[in-house]
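Participant: Can you keep this structure in mind? I'll have questions shortly.
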Amino acid sequence: MEIDVPATTTNFGAGFDTFGLALELYNVFEVRHSDSYRVQIFGNEGKSLPADESNLFIRVYKRVCEILGVRETPLELKQFNSVPVARGLGSSATAIVGGIECALRLTGVNLSVEDKLKLAFEFEPHPDNLLPALVGGFTVSAVDGDKVFYSRFDFPSELKLVFVIPDFELSTERARNALKKRFSREEVVFNVQRASLFIAALLGREYGLIKEAVRDKLHQPKRAALVKGFNEVLSAGYEAGAYGVFLSGAGPTVCAICESEEDKVGSEMVRAFQDEGVSARYKILKASSEGCKVKY
């Protein structure tokens with residue numbers, strides 16, 4: 001069985017812990033029954049990930065079997081990584097979603113998206129990365145206790161996303177710990193306005209609004225301090241013609257939305273990082289309308 005799970009980007013500036021998007025970049029998990037657990041890691045990314053039972057995919061698979069009360073069968077896992085690790089592109093979400101789907105398919109249990117999310121929350125209690133990895137497209141989610149309300153739609157196909165990936169990792173935990181504990185009414189209203197404007201800009205194809213719509217006062221100002229050269233990279237992206245520039249997820253990857261000049265935008269943003277002494281590379285990706293895919 002092969003399980004393909006897309007990378008994701010989240011937040012889009014003002015949509016903190018709310019907006020998510022599936023990308024045409026995948027981690028691929030090949031699994032089959034075995035007499036003992038065996039893990040092999042392949043690909044250009046995540047070469048240092050655990051190749052034993054502490055591997056996140058295996059841990060999720062085993063835990064889901066336990067929760068469901070079904071018999072756990074050891075697996076042989078071949079993990080082909082294309083999604084950079086700890087860069088704000090949902091690498092851990094691919095393993096969580098993949099492990100859940102593996103357990104469900106091998107045990108013949110059918111669950112709704114909402115119930116899959118409840119399982120996933122034990123490992124990552126935020127739906128913005130998990131949802132698009134499951135269902136594809138652009139997702140808007142809201143959480144009330146253990147309930148998740150969400151809507152999805154296809155991201156405009158004419159828009160491309162340029163991801164500028166610096167050569168250092170930033171854990172989600174460290175990025176989240178950097179946030180303020182309290183926010184003013186003005187800061188909250190600022191974000192509500194711009195998150196709403198972002199959805200309107202996408203649905204109305206009014207891309208000139210995106211620059212304003214991705215401005216943020218809740219998470220990006222504090223996290224930007226953890227990404228050397230962020231403000232310079234942001235400026236370089238806009239000067240090269242991007243509609244919007246923002247941290248991808250918790251960072252340190254910086255994302256730019258473009259309709260043209262994608263290579264120019266990527267090159268200039270990489271140069272801005274390099275001018276600050278940070279090595280970086282860029283990937284141009286399209287949105288994926290599909291989430292996790294299982295092949296037999």
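Letters for chains follow the order of the structure tokens (A, B, ...), residue numbers begin at 1 for each chain, and ligand numbers begin at 1 in the order shown.
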Could you name the residues that touch Gln40 of chain A at 10 Å or less, counting only C-alpha atoms, but leaving out those on the same chain fewer than 6 positions away, as a list in words?
Facilitator: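 My reading of the contact set: Glu30, Lys47, Leu49, Pro50, Ala51, Asp52, Glu76, Leu77, Lys78, Gln79 and Phe80 of chain A.
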Participant: Write the residues you've just listed into a file as a PDB file, in the first residue's frame, and include C-alpha atoms for each of them.
Facilitator:
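Listing of out23.pdb after writing:
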ATOM      1  CA  GLU A  30       4.986   2.579   1.325  1.00  0.00           C
ATOM      2  CA  LYS A  47      17.355  11.987   6.317  1.00  0.00           C
ATOM      3  CA  LEU A  49      14.261  11.142  10.907  1.00  0.00           C
ATOM      4  CA  PRO A  50      14.031   8.049  13.135  1.00  0.00           C
ATOM      5  CA  ALA A  51      14.331   4.734  11.306  1.00  0.00           C
ATOM      6  CA  ASP A  52      12.815   2.677  14.118  1.00  0.00           C
ATOM      7  CA  GLU A  76       7.716  -2.511   6.988  1.00  0.00           C
ATOM      8  CA  LEU A  77       7.762   1.198   6.112  1.00  0.00           C
ATOM      9  CA  LYS A  78       9.606   2.890   3.282  1.00  0.00           C
ATOM     10  CA  GLN A  79       9.314   6.658   3.702  1.00  0.00           C
ATOM     11  CA  PHE A  80      10.164   8.864   0.721  1.00  0.00           C
TER      12      PHE A  80
END
Participant: Can you tell me, as a tab-separated table (two decimals) with N, CA and C atoms, in the first residue's frame, what residues are no more than 10 Å from Glu124 of chain A when counting only C-alpha atoms, ignoring any on the same chain fewer than 5 positions away?
Facilitator:
chain	number	residue	atom	x	y	z
A	92	SER	N	5.44	17.13	9.67
A	92	SER	CA	4.90	16.24	10.70
A	92	SER	C	3.45	15.87	10.40
A	93	ALA	N	2.70	16.80	9.82
A	93	ALA	CA	1.30	16.50	9.48
A	93	ALA	C	1.21	15.38	8.45
A	96	ILE	N	1.51	12.20	10.43
A	96	ILE	CA	0.33	11.95	11.27
A	96	ILE	C	-0.84	11.48	10.42
A	117	LEU	N	-9.57	13.78	12.62
A	117	LEU	CA	-8.92	14.92	13.27
A	117	LEU	C	-8.81	14.71	14.78
A	118	LYS	N	-9.83	14.12	15.39
A	118	LYS	CA	-9.77	13.84	16.82
A	118	LYS	C	-8.59	12.93	17.15
A	119	LEU	N	-8.34	11.96	16.29
A	119	LEU	CA	-7.17	11.09	16.48
A	119	LEU	C	-5.88	11.88	16.29
A	129	ASN	N	-2.83	22.64	9.59
A	129	ASN	CA	-1.96	21.78	8.78
A	129	ASN	C	-2.63	20.45	8.42
A	130	LEU	N	-3.36	19.89	9.37
A	130	LEU	CA	-3.91	18.55	9.20
A	130	LEU	C	-5.04	18.50	8.17
Participant: When you count only C-alpha atoms, which of these residues is closest to Gly20 of chain A: A:Leu218, A:Ala280, A:Met1, A:Ile199?
Facilitator: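 Smallest separation from Gly20 of chain A among the options: A:Ile199.
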Participant: Excluding Glu158 of chain A and residues on its chain fewer than 2 positions from it, collect all residues at most 8 Å away from it, counting only C-alpha atoms, and give them as a PDB file with C-alpha atoms, in the first residue's frame.
Facilitator:
ATOM      1  CA  PRO A 156      -7.127  29.957  -7.656  1.00  0.00           C
ATOM      2  CA  LYS A 160       1.692  30.091  -7.697  1.00  0.00           C
ATOM      3  CA  GLU A 259       0.814  35.212 -10.716  1.00  0.00           C
TER       4      GLU A 259
END
Participant: If DSSP is run on the backbone, what residues of segment 10-245 of chain A are helix (DSSP H, G or I)? A reply as a count of residues only would be ideal.
Facilitator: 94
Participant: Rank A:Tyr282, A:Phe183, A:Phe168, A:Phe246 by their smallest atom-to-atom distance to Asn231 of chain A, using only C-alpha atoms, and report the top residue only.
Facilitator: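 The closest residue to Asn231 of chain A is A:Phe246.
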Participant: Find the spatial neighbours of Tyr61 of chain A, counting only C-alpha atoms, within a cut-off of 9 Å - ignore same-chain residues fewer than 5 positions away - and output them as a compact mmCIF listing (two decimals) with N, CA and C atoms, in the first residue's frame.
Facilitator:
# COMPACT_ATOMS: atom_id res chain seq x y z
N LEU A 56 7.52 8.89 13.62
CA LEU A 56 6.19 9.45 13.91
C LEU A 56 5.09 8.67 13.20
N GLU A 66 -4.42 1.13 18.90
CA GLU A 66 -4.74 0.99 20.33
C GLU A 66 -6.05 1.67 20.66
N GLU A 72 -2.85 -4.78 16.27
CA GLU A 72 -1.73 -4.09 15.62
C GLU A 72 -0.83 -5.10 14.92
N ILE A 96 1.51 12.20 10.43
CA ILE A 96 0.33 11.95 11.27
C ILE A 96 -0.84 11.48 10.42
N GLY A 98 -0.71 10.24 7.40
CA GLY A 98 -0.36 8.95 6.79
C GLY A 98 -0.51 7.80 7.75
N GLY A 99 -0.08 7.99 9.01
CA GLY A 99 -0.20 6.92 10.00
C GLY A 99 -1.64 6.59 10.32
N ILE A 100 -2.49 7.62 10.39
CA ILE A 100 -3.92 7.39 10.63
C ILE A 100 -4.55 6.62 9.48
N GLU A 101 -4.31 7.07 8.26
CA GLU A 101 -4.88 6.40 7.09
C GLU A 101 -4.40 4.96 6.99
N CYS A 102 -3.14 4.73 7.32
CA CYS A 102 -2.59 3.38 7.28
C CYS A 102 -3.34 2.46 8.24
N ALA A 103 -3.52 2.92 9.48
CA ALA A 103 -4.22 2.11 10.48
C ALA A 103 -5.65 1.83 10.05
N LEU A 104 -6.33 2.83 9.52
CA LEU A 104 -7.73 2.65 9.13
C LEU A 104 -7.85 1.70 7.95
Participant: Closest to Pro125 of chain A among A:Ser289, A:Asn44, A:Thr172, A:Ser112, using only C-alpha atoms?
Facilitator: A:Thr172
Participant: Find the residue from A:His126, A:Lys222, A:Lys180, A:Lys211 that sits nearest to Phe12 of chain A; use only C-alpha atoms when measuring.
Facilitator: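 Using only C-alpha atoms, Phe12 of chain A sits closest to A:Lys211.
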Participant: Measuring between only C-alpha atoms, which one of A:Asn177, A:Ser141, A:Val109, A:Val28 shows the shortest distance to Arg71 of chain A?
Facilitator: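 Answer, going by the shortest atom-to-atom distance: A:Val109.
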Participant: Have a look at atom CA of Ala240 of chain A and atom CA of Lys264 of chain A and let me know their distance in Å, one decimal.
Facilitator: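 According to the coordinates, atom CA of Ala240 of chain A and atom CA of Lys264 of chain A are separated by 6.4 Å.
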Participant: Quick one: everything within 7 Å of Tyr37 of chain A, counting only C-alpha atoms, minus sequence neighbours fewer than 4 positions away in the same chain. Send it as a list in words.
Facilitator: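 Once the adjacent positions are removed, what remains is Glu53, Pro74, Leu75 and Glu76 of chain A.
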